[in-house]
Each structure stands twice: as structure tokens, then as C-alpha cells.
Amino acid sequence: GGSAEIVVRLPDNLTTWVITFRGLSKDRRVGEATRELVTSKDLLLRPVTPRFLVVGDRVELAAMVHNNTSAALTAEVTLQVSGVELEDAGKAVQKVDVAAGGRSRVSWWVKVSDVEKADLRFSAKGGGLQDASKPTWGDLPILDYASPQTFATAGILAEAGERLEVISLPRSFTPTGGQVSVEMTSSLAGTILNGLKAMEVYPYEFTEAILSRLFPNLRTYQILKNLGIESPELKARLDTELKDAIARVIALQNGDGGWGWTANQTSHPYLSAYALLALSEARSAGMFIDENAISKAQAYTIKSLATPSVTSSVSLMERTAFQYFALTASGKPQANAAALYDYREKLSPWARALLALTLHAQKAGDERVKNLVSDLESKAVRSATGAFWDTAEIDGERLTTPNFSTAVVVMALAQLDPAATVLVDAVRYLVAHRQACGCWTSIYEAAWVLAALGDVLKGTGDLAANFDFSAALNGTTLAAGKAGGAATLNTTQAVVPLSTLKAASPNALVLKHEAGSGRLYYRAFLQVNRPVESAPPLQAGVSVTRRYYVAGQDCRKIECKPISSIKLSESKTVLVRLTVTVPRAMYYLALEDTIPAGTEIVNTSLKTTQRTDATGKTCVPAINAANPFGEGWNWWVFGAPRIYDQRIFWMGSYVPAGTYEVTYRLTPLQAGEYRAIPARVYQNYFPEVQGTSAGAVFTVLP
């Protein structure tokens, strides 16, 4: 026999430790035993809060006080807040009796302020013991219960001078808040880097989204390296971003060498060509790429090529032009690409631009390339914001928009005719159509715009700029900077609240380019917040309505009435029904809804249970045969949702015209009056086609 003693200092949180003991005696006998040790503090405080809040919410925050000792105690419980306001400041500190081995609940009612986050600090002390804690998820984000409207302007000052932009506040409603923001940069490099950062807000689950972050990052990586611009921090970020994106792309490749829009979906020729192009760019940038992945992608793309003819559809020929471009960039040029030249009049400007780049890569000085470039320059459309190239029609499947088409043409001109006079106006158009978030209308559009601006940067001379610049609002300087040197990659920014503007008269924003060489690129945005309760539902090509019901009712037998409140004590769940009306067939239709803060999403099994075939490929979600429309009508078109802390999201890759009902369930967890931000439906690549529901206040009663 014998004994051993080991002293270990354990953390002060509630944890079950599993300890394994192994022993060996002098006469070579061995033994083993396992024990569990539960650790906890004698006085333990557990905050009870939502995961997020919305401006204007009225919420009951709480804390559970656990007494793990063998004697009763009286605890003094304190709540310190920032970002919310206590309705009764005198109750910030409360006393509560807690039985031995028992627990007690302490609560506070608060009103959520118009700030970005809430900092909540709970503490308790009593009987010589104490504990303190914040919510498990840290500071709580506070969403804005408003309908933001943004008005923008942008431009380029190519030489010394001033530019006046007039800002006026809306007269049809009184804004609840907002701001004016100004950005200035002396180089397209600053615009590109800001755009790359802005792209990080887009969802990162879809194949196309991963490619669209990879493609411009690669171009930027190459450009900065070739121009000798040193930025260790930027290089480290790009290295990490590129390696992660490349690994994701390789993992999503199907066995046939192509890619679908999500994992295990059927390979799509257009998307697969995009993936081949991105991997080829990565290889050219010196990144390690599995050659087998590129070879399989080339084989798939060649196999899916179509031979153009008089009877070929425009969409097929344009897809083929994109495939030829990707194959050529990957080192697998196809002689048949020249056959598309005979059908160039049918092609959209972006497809002609890609054809020109393809033919130039195959044979420098090709006369057909000169003809295509000349034709593109003559077909530019002039507007107040610059020059652009439109598409024959907006194509939901190929994701073509005027910004995308213009970007591809700019890319071609920057490489084939960098001295073209229309190039400056086209760049101005692209910069002017950048949104307040720092990106363009979709991640796909942004990818090509940023890649095009990167090609233009090579020949602009921006890196040799040398001048001072500034922005002033109503005579007061907002921001100033100096072009050149280390400032090449910088963006000078200023943000002022709406309260600094004159409400009854116009406001003067003056951008100034002092003497010196170089260009000043600027953007200015006026964002005003309109109260959602006064904003009507939006219907811009598609519509959505939202209703709350008590879950579990059979609406085939009784009339189910919408609700705006539910009692927490009844332990019932809430059924949320979203009704979407689509007047015409749409590709990549996104649907999302933000939940009331005091609830959580549960029980989505009927929409996430899916059938698979023998190969494991996902098929149509399973349908409840006893009540096939219990989850709504046509909900399976949108497939399985993605669930987040604050919202739920669906994507329908192809949604025929019709009416759809999609449902999900909520469990009320915390008493309060919660602002329900409007549900939204929109085309992912054409977000101007959108609809929103009305806002609402949903009450969870104690």
C-alpha cells in the first residue's frame, strides 16, 4: 500500500475535471483508476441576457445567484451598464436572500440606447464571498431599428482645383439620426485596399463568394509585389486570406473537375471556369496549387465547351467566351476561340473584351484584337458619372450588370490600350458606383471592379503623386492629407453626425486639390435613418410579408390569427411565416429575417432534413407526407436555412415566378418589448431588386 498527494490550483469556473491515476509498484504490479472532480465557486453569478439588442428595446435583464455553501447568505447584487439605461436607477444594487445550496433570481428593466454595443457587468458579494461576470458572448451588439437611406456622390480631381458638392436633408420625413462621411485617396491602391476590406462582410459559404474574394486579392497581391510597394502587415493579411480561400476552393471541387454553387451541387460550367481562372491566378502569383486540381478543371471546362453557330443562344456564346478566357489564362489555350469572332456582334461588351484578351494572349498583334478594342471604345455610353458599357440584358445566371461589364472592358483596355481617353471616364464611373459600405452591389461585381482597377493602377502614375488635399463642410475643415510616399496606400476619412448639418438650407462640401501632380479620388455619403414604423414596406421587383403565430396550431382546422405578443410563462413557441411573391423567375434570390432579440431560433428540422441519392448528393428536402404544406407553400425551393445568432438566411439558386411561404420557429427566452427589424428578400447579385416587410414590435410577457 501507499499514498501520493498532488496539489493543483484549479480555475474558478464551473468545470468537471476527469482525472486518471496510474500506479506501478516495485514488484511490477500496475493499476489504474478514474475519478471526476467538480469545481465551482461558493458564490456563483450567472447573467441572463439576449445575444444582441435593438435600439429602443425594453428588456428584462437578469442574473442567477447560486449559493453553493451549506449556509444561507444574503447577497448584494449589482448591475453596471453602458449602452442601456436602467428604468429604475435605484435598483442598480439589490439585496437577495439565497438558501443553502439554492439559487435566486435578480432582474432589472432597461431601455436600449442608440449606440453600437452594450457593456453589462454583473457582480455579487455576501457572506465574505464575491463573484463578477459579463454575458457569455461579451459586449452585446446593438442593431439599429431604422430604415437607412443613403445618398452618394463621387469623383476624380485630376489636377489642382476645387469641387463643390451640395448636401440637403430630406424634407418628407425627420431623420432619427445619420451621418456624413467623406473618403479621399491619392491612388487607386487606396480604393482597392478599402474594397478588399469591405468584401469581408459578405457571406463566405458559397463557392462564388470564396472565388470573388480570392480573385481580386490575388491581383492586388501581384500588383503590390510588382510595383515594389512594401507593407508587411498587408502582405501578411493577404497571405493568410489567399491560403484560406485556395484551400476552400480545392475542397469544393467535384469529382468531375467542376464546381457547384455550394458543396456537393452539380458542377456549373460558368462557375467552374471562374474557379479555374482564380486557381490559375494563384499559381501565377507563386502560391502552391495542386496541379491535379487545375488539370481536372481544364478537362471539365474543355468537355463543357460549346461550338458557336448561327443557332447558338447569346448566353451560350458568352459563357463560351468566358471559358476560352479561363482556359487561356490557365495555360490551355483553345484554337477554336477565334470562331467566336464571327459572332462578335451578338456578344455583350464584357464578352467581347474577354475575347480580345484571349486572342491577344494567343497571338500578340492580332488584327481582330484591334478591331474589338476599337469597337469597344466607340460603344461606350456617356453619363453624368462617367463612361460605361451596358449589357444586352441583365442576366441572373451569368451575373452580368453594367458595373461588371464596365469592369471587364476596363480590364481589357488597361492591358490592350492603356492610353485610351475613355479609360479615365470609365474608372470614374466605377469609383462613383461604389456603395457606402465600401463595396459594390455584389461580391461578384466587386471582384471584377477591383481586378480592373488593379490593372489600371499599373499605368496611372498614382504612385508618383505629390500634392496636398482637403475636404471642408460649410467652411469647417473635415480632413486633410498629403499624396505620395507612404500615403500611397492610405485613405483619408472623416465622419460627422447629422446634427452638424443645416436642416433648413443646403450644406456646402468642398473638395480641394492643391498644386501638384496626381489625382484625388473622393467619395461622400449622406446617410439618414428613417424610423421603420413610419417607413412603408418596400416592393422593388419582389415583395415579402411577415406574420407571427402561436406554433402547433393546425391552420387547416382553425383560423390561425397573427400575434404580436406571447407569455413567457406559457412555454409556447412562435411560428414565423414569411410570404414571398416573385413576379418573374429569378436566380440567387436571398431571403433573410432578423429575430426579436429576446428569442432564439429552434426546431427547423422540417426544412433541414434532406434526402440524398446513392452518391451522397443532396436532393430536395424531405416533405412531411401527412401535412406537406404545414411549413408553407413552395418553401423547398429555398432549401435549408443558415442560422445565425441574430438572423436566419435562405438562398434559392433558381426561383420560378410564384408565391412562396417559408416558416421557422422561435422560442421566447426573455421578457421584454423587442423591435423586429423588417424581413428582406433580394437578388443576391442584383440587390436593387428587393422587398422588405413592415417593422414590428414583438412583446414577450413575463
# chains A, B, ... in the order shown; residues from 1 in each chain; ligands from 1
$ select_by_dssp --residues "stretch 46-173 of chain A" --states "strand (DSSP E)" --output "PyMOL selection string"
chain A and resi 46-48+53-54+58-67+73-82+84-86+93-98+103-112+117-126+129-133+140-143+146-157+161-167
$ select_by_dssp --residues "stretch 352-404 of chain A" --states "alpha helix (DSSP H)" --output "JSON, numbers by chain"
{"A": [352, 353, 354, 355, 356, 357, 358, 359, 360, 361, 362, 367, 368, 369, 370, 371, 372, 373, 374, 375, 376, 377, 378, 402, 403, 404]}
$ write_last_selection --atoms "N, CA, C and O atoms" --output "mmCIF file, in the first residue's frame"
data_model
loop_
_atom_site.group_PDB
_atom_site.id
_atom_site.type_symbol
_atom_site.label_atom_id
_atom_site.label_comp_id
_atom_site.auth_asym_id
_atom_site.auth_seq_id
_atom_site.Cartn_x
_atom_site.Cartn_y
_atom_site.Cartn_z
ATOM 1 N N ARG A 352 -16.990 40.493 -75.422
ATOM 2 C CA ARG A 352 -16.053 40.929 -76.476
ATOM 3 C C ARG A 352 -14.701 41.278 -75.862
ATOM 4 O O ARG A 352 -13.643 40.999 -76.448
ATOM 5 N N ALA A 353 -14.732 41.916 -74.684
ATOM 6 C CA ALA A 353 -13.480 42.279 -74.019
ATOM 7 C C ALA A 353 -12.684 41.027 -73.656
ATOM 8 O O ALA A 353 -11.459 40.971 -73.856
ATOM 9 N N LEU A 354 -13.351 40.002 -73.125
ATOM 10 C CA LEU A 354 -12.658 38.758 -72.791
ATOM 11 C C LEU A 354 -12.139 38.067 -74.048
ATOM 12 O O LEU A 354 -11.049 37.473 -74.038
ATOM 13 N N LEU A 355 -12.908 38.131 -75.131
ATOM 14 C CA LEU A 355 -12.455 37.539 -76.392
ATOM 15 C C LEU A 355 -11.202 38.250 -76.891
ATOM 16 O O LEU A 355 -10.254 37.610 -77.375
ATOM 17 N N ALA A 356 -11.174 39.587 -76.760
ATOM 18 C CA ALA A 356 -9.994 40.347 -77.175
ATOM 19 C C ALA A 356 -8.770 39.944 -76.362
ATOM 20 O O ALA A 356 -7.672 39.748 -76.913
ATOM 21 N N LEU A 357 -8.923 39.798 -75.048
ATOM 22 C CA LEU A 357 -7.805 39.377 -74.199
ATOM 23 C C LEU A 357 -7.343 37.967 -74.548
ATOM 24 O O LEU A 357 -6.143 37.667 -74.541
ATOM 25 N N THR A 358 -8.302 37.091 -74.858
ATOM 26 C CA THR A 358 -7.967 35.709 -75.218
ATOM 27 C C THR A 358 -7.173 35.660 -76.516
ATOM 28 O O THR A 358 -6.126 34.993 -76.607
ATOM 29 N N LEU A 359 -7.658 36.362 -77.550
ATOM 30 C CA LEU A 359 -6.972 36.355 -78.848
ATOM 31 C C LEU A 359 -5.603 37.020 -78.756
ATOM 32 O O LEU A 359 -4.643 36.581 -79.397
ATOM 33 N N HIS A 360 -5.494 38.079 -77.945
ATOM 34 C CA HIS A 360 -4.199 38.752 -77.768
ATOM 35 C C HIS A 360 -3.193 37.821 -77.096
ATOM 36 O O HIS A 360 -2.013 37.793 -77.465
ATOM 37 N N ALA A 361 -3.661 37.060 -76.094
ATOM 38 C CA ALA A 361 -2.767 36.128 -75.405
ATOM 39 C C ALA A 361 -2.292 35.021 -76.329
ATOM 40 O O ALA A 361 -1.171 34.523 -76.205
ATOM 41 N N GLN A 362 -3.149 34.638 -77.268
ATOM 42 C CA GLN A 362 -2.786 33.564 -78.192
ATOM 43 C C GLN A 362 -1.906 34.066 -79.336
ATOM 44 O O GLN A 362 -1.080 33.322 -79.858
ATOM 45 N N GLU A 367 -4.930 41.341 -85.659
ATOM 46 C CA GLU A 367 -5.737 42.440 -86.183
ATOM 47 C C GLU A 367 -7.151 42.410 -85.612
ATOM 48 O O GLU A 367 -7.788 43.459 -85.435
ATOM 49 N N ARG A 368 -7.656 41.215 -85.323
ATOM 50 C CA ARG A 368 -9.005 41.104 -84.772
ATOM 51 C C ARG A 368 -9.084 41.739 -83.387
ATOM 52 O O ARG A 368 -10.127 42.275 -82.998
ATOM 53 N N VAL A 369 -7.986 41.708 -82.644
ATOM 54 C CA VAL A 369 -7.959 42.334 -81.328
ATOM 55 C C VAL A 369 -8.108 43.845 -81.463
ATOM 56 O O VAL A 369 -8.863 44.483 -80.723
ATOM 57 N N LYS A 370 -7.406 44.435 -82.429
ATOM 58 C CA LYS A 370 -7.511 45.881 -82.655
ATOM 59 C C LYS A 370 -8.938 46.272 -83.012
ATOM 60 O O LYS A 370 -9.461 47.291 -82.547
ATOM 61 N N ASN A 371 -9.589 45.458 -83.818
ATOM 62 C CA ASN A 371 -10.969 45.750 -84.205
ATOM 63 C C ASN A 371 -11.903 45.677 -82.998
ATOM 64 O O ASN A 371 -12.802 46.516 -82.842
ATOM 65 N N LEU A 372 -11.701 44.674 -82.156
ATOM 66 C CA LEU A 372 -12.549 44.532 -80.972
ATOM 67 C C LEU A 372 -12.353 45.706 -80.008
ATOM 68 O O LEU A 372 -13.325 46.244 -79.462
ATOM 69 N N VAL A 373 -11.096 46.110 -79.796
ATOM 70 C CA VAL A 373 -10.805 47.226 -78.896
ATOM 71 C C VAL A 373 -11.406 48.522 -79.438
ATOM 72 O O VAL A 373 -12.031 49.297 -78.697
ATOM 73 N N SER A 374 -11.232 48.766 -80.721
ATOM 74 C CA SER A 374 -11.789 49.975 -81.347
ATOM 75 C C SER A 374 -13.305 50.000 -81.222
ATOM 76 O O SER A 374 -13.907 51.039 -80.925
ATOM 77 N N ASP A 375 -13.924 48.835 -81.418
ATOM 78 C CA ASP A 375 -15.380 48.746 -81.312
ATOM 79 C C ASP A 375 -15.836 49.020 -79.887
ATOM 80 O O ASP A 375 -16.831 49.724 -79.664
ATOM 81 N N LEU A 376 -15.124 48.485 -78.892
ATOM 82 C CA LEU A 376 -15.488 48.712 -77.502
ATOM 83 C C LEU A 376 -15.383 50.198 -77.137
ATOM 84 O O LEU A 376 -16.262 50.743 -76.458
ATOM 85 N N GLU A 377 -14.325 50.853 -77.586
ATOM 86 C CA GLU A 377 -14.141 52.265 -77.256
ATOM 87 C C GLU A 377 -15.238 53.125 -77.876
ATOM 88 O O GLU A 377 -15.693 54.106 -77.273
ATOM 89 N N SER A 378 -15.690 52.755 -79.043
ATOM 90 C CA SER A 378 -16.725 53.547 -79.721
ATOM 91 C C SER A 378 -18.115 53.288 -79.155
ATOM 92 O O SER A 378 -19.021 54.109 -79.330
ATOM 93 N N PRO A 402 -24.193 46.350 -65.465
ATOM 94 C CA PRO A 402 -23.372 47.409 -66.069
ATOM 95 C C PRO A 402 -22.021 47.591 -65.375
ATOM 96 O O PRO A 402 -21.006 47.825 -66.038
ATOM 97 N N ASN A 403 -21.984 47.492 -64.036
ATOM 98 C CA ASN A 403 -20.706 47.626 -63.338
ATOM 99 C C ASN A 403 -19.750 46.492 -63.700
ATOM 100 O O ASN A 403 -18.554 46.713 -63.919
ATOM 101 N N PHE A 404 -20.276 45.263 -63.760
ATOM 102 C CA PHE A 404 -19.444 44.121 -64.145
ATOM 103 C C PHE A 404 -18.953 44.286 -65.578
ATOM 104 O O PHE A 404 -17.759 44.103 -65.869
#
$ atom_distance --atom1 "atom CA of A:Tyr343" --atom2 "atom CA of A:Ser304"
19.4 Å
$ closest_residue --among "A:Val700, A:Val182, A:Leu252, A:Ile648" --to "A:Glu570" --atoms "only C-alpha atoms"
A:Val700
$ atom_distance --atom1 "atom CA of A:Gln298" --atom2 "atom CA of A:Val409"
24.7 Å
$ atom_distance --atom1 "atom CA of A:Arg530" --atom2 "atom CA of A:Pro641"
29.5 Å
$ closest_residue --among "A:Leu169, A:Tyr644, A:Leu589, A:Ala72" --to "A:Ser499" --atoms "only C-alpha atoms"
A:Leu169
$ closest_residue --among "A:Thr581, A:Ser25, A:Thr311, A:Ser212" --to "A:Gly658" --atoms "only C-alpha atoms"
A:Thr581
$ closest_residue --among "A:Leu501, A:Val112, A:Phe122, A:Glu32" --to "A:Met64" --atoms "only C-alpha atoms"
A:Phe122
$ residues_around --residues "A:Gly652" --least-positions-apart "6" --cutoff "12 Å" --atoms "only C-alpha atoms" --output "mmCIF file with N, CA and C atoms, in the first residue's frame"
data_model
loop_
_atom_site.group_PDB
_atom_site.id
_atom_site.type_symbol
_atom_site.label_atom_id
_atom_site.label_comp_id
_atom_site.auth_asym_id
_atom_site.auth_seq_id
_atom_site.Cartn_x
_atom_site.Cartn_y
_atom_site.Cartn_z
ATOM 1 N N TRP A 261 -22.536 25.605 -56.984
ATOM 2 C CA TRP A 261 -22.657 26.841 -56.210
ATOM 3 C C TRP A 261 -22.432 26.617 -54.723
ATOM 4 N N THR A 262 -22.687 25.410 -54.252
ATOM 5 C CA THR A 262 -22.345 25.039 -52.879
ATOM 6 C C THR A 262 -21.778 23.622 -52.914
ATOM 7 N N VAL A 580 -43.347 35.263 -49.689
ATOM 8 C CA VAL A 580 -42.570 35.944 -50.727
ATOM 9 C C VAL A 580 -43.315 35.841 -52.055
ATOM 10 N N VAL A 582 -42.878 36.492 -56.063
ATOM 11 C CA VAL A 582 -41.860 36.680 -57.104
ATOM 12 C C VAL A 582 -42.584 36.807 -58.449
ATOM 13 N N ALA A 585 -39.265 34.791 -62.883
ATOM 14 C CA ALA A 585 -38.220 33.861 -62.439
ATOM 15 C C ALA A 585 -36.943 34.627 -62.086
ATOM 16 N N MET A 586 -36.310 34.239 -61.000
ATOM 17 C CA MET A 586 -35.108 34.923 -60.536
ATOM 18 C C MET A 586 -34.052 33.913 -60.108
ATOM 19 N N TYR A 587 -32.804 34.253 -60.359
ATOM 20 C CA TYR A 587 -31.675 33.453 -59.909
ATOM 21 C C TYR A 587 -31.138 34.029 -58.597
ATOM 22 N N TYR A 588 -30.688 33.148 -57.702
ATOM 23 C CA TYR A 588 -29.985 33.518 -56.483
ATOM 24 C C TYR A 588 -30.777 34.546 -55.666
ATOM 25 N N LEU A 589 -31.989 34.145 -55.291
ATOM 26 C CA LEU A 589 -32.864 35.002 -54.506
ATOM 27 C C LEU A 589 -32.618 34.729 -53.026
ATOM 28 N N ALA A 590 -32.191 35.751 -52.306
ATOM 29 C CA ALA A 590 -31.873 35.623 -50.890
ATOM 30 C C ALA A 590 -33.048 36.098 -50.046
ATOM 31 N N LEU A 591 -33.281 35.402 -48.951
ATOM 32 C CA LEU A 591 -34.346 35.751 -48.012
ATOM 33 C C LEU A 591 -33.758 35.712 -46.614
ATOM 34 N N GLU A 592 -33.931 36.792 -45.852
ATOM 35 C CA GLU A 592 -33.389 36.807 -44.501
ATOM 36 C C GLU A 592 -34.322 37.552 -43.557
ATOM 37 N N ASN A 634 -44.298 25.876 -51.212
ATOM 38 C CA ASN A 634 -43.109 26.018 -52.065
ATOM 39 C C ASN A 634 -41.847 26.362 -51.278
ATOM 40 N N TRP A 635 -41.836 26.132 -49.938
ATOM 41 C CA TRP A 635 -40.658 26.503 -49.161
ATOM 42 C C TRP A 635 -39.417 25.743 -49.593
ATOM 43 N N TRP A 636 -39.598 24.543 -50.168
ATOM 44 C CA TRP A 636 -38.443 23.715 -50.527
ATOM 45 C C TRP A 636 -37.592 24.334 -51.625
ATOM 46 N N VAL A 637 -38.138 25.292 -52.382
ATOM 47 C CA VAL A 637 -37.358 25.972 -53.417
ATOM 48 C C VAL A 637 -36.180 26.719 -52.792
ATOM 49 N N PHE A 638 -36.362 27.210 -51.566
ATOM 50 C CA PHE A 638 -35.298 27.952 -50.879
ATOM 51 C C PHE A 638 -34.348 27.027 -50.127
ATOM 52 N N GLY A 639 -34.710 25.771 -49.957
ATOM 53 C CA GLY A 639 -33.813 24.810 -49.330
ATOM 54 C C GLY A 639 -33.617 25.048 -47.844
ATOM 55 N N ALA A 640 -32.516 24.512 -47.328
ATOM 56 C CA ALA A 640 -32.227 24.587 -45.897
ATOM 57 C C ALA A 640 -31.687 25.966 -45.523
ATOM 58 N N PRO A 641 -32.093 26.485 -44.352
ATOM 59 C CA PRO A 641 -31.617 27.814 -43.945
ATOM 60 C C PRO A 641 -30.244 27.759 -43.288
ATOM 61 N N TYR A 660 -44.417 32.070 -52.395
ATOM 62 C CA TYR A 660 -43.735 31.095 -51.557
ATOM 63 C C TYR A 660 -43.963 31.446 -50.092
ATOM 64 N N VAL A 662 -42.303 30.490 -46.352
ATOM 65 C CA VAL A 662 -41.206 29.853 -45.623
ATOM 66 C C VAL A 662 -41.434 30.109 -44.138
ATOM 67 N N VAL A 681 -36.076 40.366 -48.730
ATOM 68 C CA VAL A 681 -35.824 39.441 -49.828
ATOM 69 C C VAL A 681 -35.161 40.244 -50.943
ATOM 70 N N TYR A 682 -34.125 39.666 -51.576
ATOM 71 C CA TYR A 682 -33.409 40.412 -52.613
ATOM 72 C C TYR A 682 -32.635 39.443 -53.496
ATOM 73 N N GLN A 683 -32.367 39.873 -54.725
ATOM 74 C CA GLN A 683 -31.498 39.089 -55.599
ATOM 75 C C GLN A 683 -30.064 39.324 -55.159
ATOM 76 N N ASN A 684 -29.364 38.260 -54.852
ATOM 77 C CA ASN A 684 -28.043 38.369 -54.268
ATOM 78 C C ASN A 684 -27.081 39.187 -55.124
#
